[in-house]
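What follows is the content of coords.cif (mmCIF, C-alpha atoms).
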```
data_data
#
loop_
_atom_site.label_atom_id
_atom_site.label_comp_id
_atom_site.auth_asym_id
_atom_site.auth_seq_id
_atom_site.Cartn_x
_atom_site.Cartn_y
_atom_site.Cartn_z
CA MET C 1 -30.36 -8.08 -32.92
CA TRP C 2 -29.73 -6.32 -29.59
CA SER C 3 -30.72 -8.17 -26.48
CA PRO C 4 -31.71 -6.35 -23.27
CA ASP C 5 -28.45 -7.51 -21.68
CA ARG C 6 -26.35 -5.91 -24.42
CA ARG C 7 -28.31 -2.66 -24.17
CA THR C 8 -27.84 -2.60 -20.40
CA ALA C 9 -24.13 -3.21 -20.75
CA LEU C 10 -23.77 -0.48 -23.40
CA LEU C 11 -25.72 2.02 -21.31
CA GLY C 12 -23.59 1.13 -18.29
CA LEU C 13 -20.38 1.76 -20.24
CA LEU C 14 -21.68 5.08 -21.52
CA ALA C 15 -22.69 6.12 -18.01
CA LEU C 16 -19.26 5.27 -16.61
CA GLY C 17 -17.56 7.17 -19.40
CA GLY C 18 -19.51 10.29 -18.55
CA CYS C 19 -18.95 10.22 -14.79
CA GLY C 20 -15.57 11.93 -14.94
CA LEU C 21 -13.57 8.98 -13.61
CA THR C 22 -10.35 8.15 -15.39
CA PRO C 23 -8.23 5.03 -15.03
CA VAL C 24 -5.39 5.65 -12.61
CA TYR C 25 -2.83 4.35 -15.12
CA GLY C 26 -4.61 5.82 -18.15
CA PRO C 27 -3.83 9.14 -19.86
CA GLY C 28 -3.95 11.91 -17.26
CA GLY C 29 -4.32 9.43 -14.37
CA GLY C 30 -2.40 9.68 -11.11
CA GLY C 31 -0.33 6.61 -11.92
CA THR C 32 1.33 8.25 -14.89
CA ARG C 33 1.97 11.42 -12.89
CA LEU C 34 3.86 9.52 -10.19
CA TRP C 35 5.50 6.71 -12.19
CA GLY C 36 9.23 6.86 -11.53
CA LYS C 37 8.93 10.19 -9.71
CA VAL C 38 8.77 9.13 -6.05
CA ARG C 39 11.92 8.54 -3.98
CA PRO C 40 11.20 6.82 -0.65
CA ARG C 41 13.54 7.45 2.24
CA ASP C 42 16.45 5.08 2.65
CA PRO C 43 15.47 1.86 4.46
CA ASP C 44 16.74 1.17 7.97
CA THR C 45 15.06 -2.13 8.82
CA PRO C 46 14.03 -5.31 6.98
CA ILE C 47 10.44 -4.03 7.04
CA ASP C 48 11.58 -0.81 5.34
CA PHE C 49 13.31 -2.80 2.59
CA ILE C 50 10.13 -4.77 1.89
CA PHE C 51 8.05 -1.57 2.01
CA ASN C 52 10.40 0.19 -0.46
CA ARG C 53 10.47 -2.84 -2.77
CA ARG C 54 6.67 -2.78 -2.98
CA LEU C 55 6.65 0.98 -3.59
CA ALA C 56 9.06 0.46 -6.51
CA GLU C 57 6.83 -2.29 -7.92
CA ARG C 58 3.77 -0.04 -7.80
CA LEU C 59 5.33 3.37 -8.60
CA GLY C 60 8.34 2.44 -10.71
CA GLY C 61 11.95 3.20 -9.91
CA GLU C 62 13.13 6.59 -8.78
CA ASP C 63 15.06 7.52 -11.93
CA ALA C 64 13.23 10.81 -12.46
CA ALA C 65 12.24 11.46 -8.83
CA ILE C 66 10.82 14.88 -8.05
CA TYR C 67 8.94 13.80 -4.91
CA ASP C 68 10.37 12.52 -1.63
CA LEU C 69 8.39 10.08 0.47
CA ASP C 70 9.20 10.04 4.16
CA TYR C 71 7.53 7.41 6.31
CA GLN C 72 7.63 5.79 9.72
CA ILE C 73 6.40 2.22 10.20
CA SER C 74 5.33 0.98 13.63
CA ILE C 75 4.42 -2.63 14.38
CA GLY C 76 2.88 -3.93 17.57
CA VAL C 77 2.69 -7.60 18.51
CA VAL C 78 -0.46 -8.73 20.30
CA SER C 79 -1.26 -12.18 21.70
CA GLN C 80 -4.37 -13.42 19.95
CA ALA C 81 -4.98 -17.00 21.08
CA ILE C 82 -3.93 -18.28 24.48
CA THR C 83 -4.50 -21.83 25.71
CA THR C 84 -5.72 -22.72 29.19
CA ASP C 85 -2.06 -23.45 30.02
CA GLU C 86 -1.32 -19.78 29.16
CA VAL C 87 0.61 -20.61 26.01
CA THR C 88 0.16 -18.20 23.13
CA THR C 89 -0.63 -20.05 19.91
CA ARG C 90 -1.31 -17.08 17.63
CA TYR C 91 0.01 -13.54 17.40
CA SER C 92 -1.37 -10.52 15.60
CA LEU C 93 0.90 -7.92 14.04
CA ASN C 94 -0.76 -4.51 14.03
CA GLY C 95 1.03 -2.00 11.82
CA THR C 96 0.77 1.67 10.96
CA ALA C 97 2.67 3.76 8.45
CA ASP C 98 2.76 7.54 8.81
CA PHE C 99 3.85 9.14 5.54
CA ALA C 100 4.49 12.52 3.96
CA LEU C 101 5.05 13.20 0.27
CA THR C 102 6.98 16.38 -0.44
CA GLY C 103 7.55 18.03 -3.78
CA PRO C 104 9.97 20.61 -5.08
CA GLY C 105 10.80 23.28 -2.51
CA ASP C 106 9.93 20.87 0.32
CA VAL C 107 6.22 21.60 -0.18
CA VAL C 108 4.12 18.89 1.49
CA VAL C 109 1.86 17.43 -1.20
CA THR C 110 0.05 15.05 1.15
CA ARG C 111 0.48 13.26 4.42
CA GLY C 112 -1.44 10.58 6.22
CA ARG C 113 -1.54 7.38 8.18
CA VAL C 114 -2.52 3.91 7.06
CA SER C 115 -2.92 0.80 9.15
CA SER C 116 -3.41 -2.91 8.72
CA PHE C 117 -2.86 -6.18 10.53
CA THR C 118 -1.94 -9.76 9.93
CA SER C 119 -1.30 -12.76 12.14
CA TYR C 120 0.66 -15.96 12.39
CA SER C 121 0.52 -19.25 14.27
CA THR C 122 3.08 -20.53 16.77
CA THR C 123 1.85 -24.14 16.96
CA GLY C 124 4.62 -25.65 14.83
CA THR C 125 8.33 -26.01 15.36
CA THR C 126 10.61 -23.12 16.22
CA VAL C 127 11.76 -22.92 12.62
CA SER C 128 8.20 -22.90 11.24
CA THR C 129 7.14 -20.27 13.80
CA LEU C 130 10.04 -17.99 12.81
CA ALA C 131 9.21 -18.50 9.13
CA ALA C 132 5.54 -17.72 9.79
CA GLU C 133 6.46 -14.55 11.68
CA GLY C 134 8.79 -13.42 8.89
CA ASP C 135 6.10 -14.07 6.30
CA ALA C 136 3.53 -12.15 8.37
CA ARG C 137 5.89 -9.16 8.65
CA GLU C 138 6.45 -9.22 4.88
CA ARG C 139 2.70 -9.37 4.21
CA LEU C 140 2.13 -6.46 6.61
CA ALA C 141 4.80 -4.28 4.99
CA THR C 142 3.33 -5.03 1.56
CA MET C 143 -0.21 -4.17 2.69
CA LEU C 144 0.95 -0.90 4.23
CA ALA C 145 2.86 0.03 1.07
CA ASP C 146 -0.19 -0.75 -1.08
CA GLN C 147 -2.35 1.50 1.08
CA VAL C 148 0.17 4.35 0.89
CA VAL C 149 0.33 3.99 -2.91
CA THR C 150 -3.47 4.07 -3.11
CA ARG C 151 -3.53 7.33 -1.14
CA LEU C 152 -0.76 8.84 -3.27
CA LEU C 153 -2.51 7.89 -6.50
CA ALA C 154 -5.79 9.37 -5.28
CA VAL C 155 -4.09 12.67 -4.48
CA ALA C 156 -2.14 12.69 -7.75
CA SER C 157 -5.31 12.05 -9.76
CA SER C 158 -7.03 15.05 -8.22
CA ARG C 159 -4.14 17.49 -8.76
CA PRO C 160 -3.74 19.46 -11.98
CA GLU C 161 -0.84 18.39 -14.19
#
```
Written as structure tokens, that's how I'd like the structure from this file.
Amino acid sequence: MWSPDRRTALLGLLALGGCGLTPVYGPGGGGTRLWGKVRPRDPDTPIDFIFNRRLAERLGGEDAAIYDLDYQISIGVVSQAITTDEVTTRYSLNGTADFALTGPGDVVVTRGRVSSFTSYSTTGTTVSTLAAEGDARERLATMLADQVVTRLLAVASSRPE
């Protein structure tokens, strides 16, 4: 016997199926259109290496690359918490990534800017503060890469194959 909860769930699934949305990694989704086809620019800094590593995790390697991804990452350091003795105990890392995806013939497919932030504490030892800063920079690069991938997948999903 069908309960009202089962009917609601079935109707919800049918409604989602008819809305025109497709899974990004499903047949015809943007993920399959970009998988292994994006070559990011060569890294220059440790942040670039982390950014490129995350892109490869999300978009696959660049074995069959037909798109080039150029990007510029900027990170600003801002004091967040200052004691009455004027000692900074927390820093914020504010990052932006400007990017441009070009296809065959150097045609710009999409471009944009993403931004995010993270922070770290300086209340421990010098070693722990340096480790916290390095971890914060890695988290920021990963977040920026994830946002770029999301934008690329959205554009790829809306383009004809």
Convert the output of the PyMOL selection byres ((chain C and resi 121-123) around 7) on the shown file into explicit residues, formatted as a PyMOL selection string. chain C and resi 89-91+120+124-125+129+132
Restricting the output to C-alpha atoms, write the selected residues as a short mmCIF file (atom, residue, chain, number, x, y, z; two decimals), in the coordinates of the input.
```cif
data_model
loop_
_atom_site.label_atom_id
_atom_site.label_comp_id
_atom_site.auth_asym_id
_atom_site.auth_seq_id
_atom_site.Cartn_x
_atom_site.Cartn_y
_atom_site.Cartn_z
CA THR C 89 -0.63 -20.05 19.91
CA ARG C 90 -1.31 -17.08 17.63
CA TYR C 91 0.01 -13.54 17.40
CA TYR C 120 0.66 -15.96 12.39
CA GLY C 124 4.62 -25.65 14.83
CA THR C 125 8.33 -26.01 15.36
CA THR C 129 7.14 -20.27 13.80
CA ALA C 132 5.54 -17.72 9.79
#
```
With the cut-off set at 7 Å and counting all atoms listed in the file, tabulate each residue of region 10-85 of chain C with an atom at most that distance from an atom of region 97-106 of chain C, showing the nearest atom pair and its distance in Å to one decimal, ordered by chain and increasing number, as CSV.
```
residue,atom,partner,partner_atom,distance
C:Ile66,CA,C:Gly103,CA,6.2
C:Tyr67,CA,C:Gly103,CA,4.6
C:Asp68,CA,C:Thr102,CA,5.3
C:Leu69,CA,C:Leu101,CA,4.6
C:Asp70,CA,C:Ala100,CA,5.3
C:Tyr71,CA,C:Phe99,CA,4.1
C:Gln72,CA,C:Asp98,CA,5.3
C:Ile73,CA,C:Ala97,CA,4.4
C:Ser74,CA,C:Ala97,CA,6.5
```
Could you tell me which residues the PyMOL selection byres ((chain C and resi 52) around 12) returns for this structure, as an MDAnalysis selection string? chainID C and resid 38:51 53:62 69:73 138 141:146 148:149
To test your reading of the syntax: which residues would the PyMOL selection byres ((chain C and resi 119) around 10) return for the file shown? Reply as an MDAnalysis selection string. chainID C and resid 77:80 90:94 117:118 120:121 132:133 135:137 139:140
One-decimal distance in Å that lies between CA of Val109 (chain C) and CA of Pro27 (chain C):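 Rounded to one decimal, the two atoms are 21.2 Å apart.
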CA of Val108 (chain C) to CA of Ser157 (chain C), distance in Å rounded to a single decimal: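 Result for CA of Val108 (chain C) versus CA of Ser157 (chain C): 16.2 Å, one decimal.
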I'd like the interatomic distance between CA of Thr96 (chain C) and CA of Leu34 (chain C), to a tenth of an Å. 22.8 Å
Export: region 39-118 of chain C, C-alpha atoms, as an mmCIF file, in the first residue's frame:
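Output file decode_1.cif follows:
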```
data_model
loop_
_atom_site.group_PDB
_atom_site.id
_atom_site.type_symbol
_atom_site.label_atom_id
_atom_site.label_comp_id
_atom_site.auth_asym_id
_atom_site.auth_seq_id
_atom_site.Cartn_x
_atom_site.Cartn_y
_atom_site.Cartn_z
ATOM 1 C CA ARG C 39 44.950 22.293 -19.572
ATOM 2 C CA PRO C 40 45.677 24.885 -16.865
ATOM 3 C CA ARG C 41 48.637 27.188 -17.325
ATOM 4 C CA ASP C 42 51.941 26.055 -15.889
ATOM 5 C CA PRO C 43 52.245 26.803 -12.159
ATOM 6 C CA ASP C 44 54.663 29.458 -10.924
ATOM 7 C CA THR C 45 54.044 29.465 -7.171
ATOM 8 C CA PRO C 46 53.156 26.923 -4.474
ATOM 9 C CA ILE C 47 49.578 28.254 -4.580
ATOM 10 C CA ASP C 48 49.451 27.573 -8.332
ATOM 11 C CA PHE C 49 50.600 23.979 -7.784
ATOM 12 C CA ILE C 50 47.824 23.394 -5.234
ATOM 13 C CA PHE C 51 45.288 25.094 -7.525
ATOM 14 C CA ASN C 52 46.342 22.924 -10.505
ATOM 15 C CA ARG C 53 46.290 19.757 -8.400
ATOM 16 C CA ARG C 54 42.688 20.465 -7.399
ATOM 17 C CA LEU C 55 41.717 21.222 -11.002
ATOM 18 C CA ALA C 56 43.138 17.837 -12.041
ATOM 19 C CA GLU C 57 41.181 16.109 -9.257
ATOM 20 C CA ARG C 58 37.930 17.713 -10.390
ATOM 21 C CA LEU C 59 38.437 17.815 -14.189
ATOM 22 C CA GLY C 60 40.755 14.884 -14.807
ATOM 23 C CA GLY C 61 44.203 15.039 -16.338
ATOM 24 C CA GLU C 62 44.971 16.977 -19.470
ATOM 25 C CA ASP C 63 45.578 13.993 -21.764
ATOM 26 C CA ALA C 64 43.051 15.082 -24.386
ATOM 27 C CA ALA C 65 43.138 18.835 -23.676
ATOM 28 C CA ILE C 66 41.381 21.067 -26.174
ATOM 29 C CA TYR C 67 40.837 23.980 -23.769
ATOM 30 C CA ASP C 68 43.453 26.175 -22.110
ATOM 31 C CA LEU C 69 42.764 27.693 -18.711
ATOM 32 C CA ASP C 70 44.692 30.840 -17.884
ATOM 33 C CA TYR C 71 44.349 32.259 -14.393
ATOM 34 C CA GLN C 72 45.834 34.762 -11.995
ATOM 35 C CA ILE C 73 45.563 34.238 -8.240
ATOM 36 C CA SER C 74 45.900 37.169 -5.837
ATOM 37 C CA ILE C 75 46.021 36.794 -2.062
ATOM 38 C CA GLY C 76 45.850 39.601 0.463
ATOM 39 C CA VAL C 77 46.712 39.211 4.135
ATOM 40 C CA VAL C 78 44.577 41.177 6.595
ATOM 41 C CA SER C 79 44.970 41.426 10.371
ATOM 42 C CA GLN C 80 41.790 40.123 11.936
ATOM 43 C CA ALA C 81 42.302 40.038 15.694
ATOM 44 C CA ILE C 82 44.597 42.435 17.506
ATOM 45 C CA THR C 83 45.176 42.449 21.266
ATOM 46 C CA THR C 84 45.312 45.576 23.404
ATOM 47 C CA ASP C 85 49.116 45.230 23.224
ATOM 48 C CA GLU C 86 48.796 45.561 19.413
ATOM 49 C CA VAL C 87 49.767 41.964 18.731
ATOM 50 C CA THR C 88 47.949 40.290 15.858
ATOM 51 C CA THR C 89 46.587 36.901 16.892
ATOM 52 C CA ARG C 90 44.635 36.032 13.741
ATOM 53 C CA TYR C 91 45.077 36.754 10.050
ATOM 54 C CA SER C 92 42.618 36.491 7.198
ATOM 55 C CA LEU C 93 43.713 35.455 3.715
ATOM 56 C CA ASN C 94 41.480 37.024 1.075
ATOM 57 C CA GLY C 95 41.943 35.484 -2.356
ATOM 58 C CA THR C 96 40.694 36.044 -5.875
ATOM 59 C CA ALA C 97 41.242 34.055 -9.043
ATOM 60 C CA ASP C 98 40.677 35.674 -12.426
ATOM 61 C CA PHE C 99 40.340 33.019 -15.115
ATOM 62 C CA ALA C 100 39.754 32.612 -18.835
ATOM 63 C CA LEU C 101 38.976 29.374 -20.642
ATOM 64 C CA THR C 102 39.906 29.390 -24.319
ATOM 65 C CA GLY C 103 39.054 26.798 -26.915
ATOM 66 C CA PRO C 104 40.369 25.962 -30.351
ATOM 67 C CA GLY C 105 41.400 29.031 -32.320
ATOM 68 C CA ASP C 106 41.974 30.959 -29.078
ATOM 69 C CA VAL C 107 38.232 31.625 -28.797
ATOM 70 C CA VAL C 108 37.348 32.679 -25.244
ATOM 71 C CA VAL C 109 34.699 30.254 -23.987
ATOM 72 C CA THR C 110 34.244 31.970 -20.631
ATOM 73 C CA ARG C 111 36.031 34.216 -18.205
ATOM 74 C CA GLY C 112 35.353 35.360 -14.699
ATOM 75 C CA ARG C 113 36.520 36.042 -11.190
ATOM 76 C CA VAL C 114 35.961 34.044 -8.043
ATOM 77 C CA SER C 115 36.878 34.947 -4.501
ATOM 78 C CA SER C 116 37.033 33.375 -1.086
ATOM 79 C CA PHE C 117 38.767 33.746 2.255
ATOM 80 C CA THR C 118 40.158 31.738 5.097
#
```
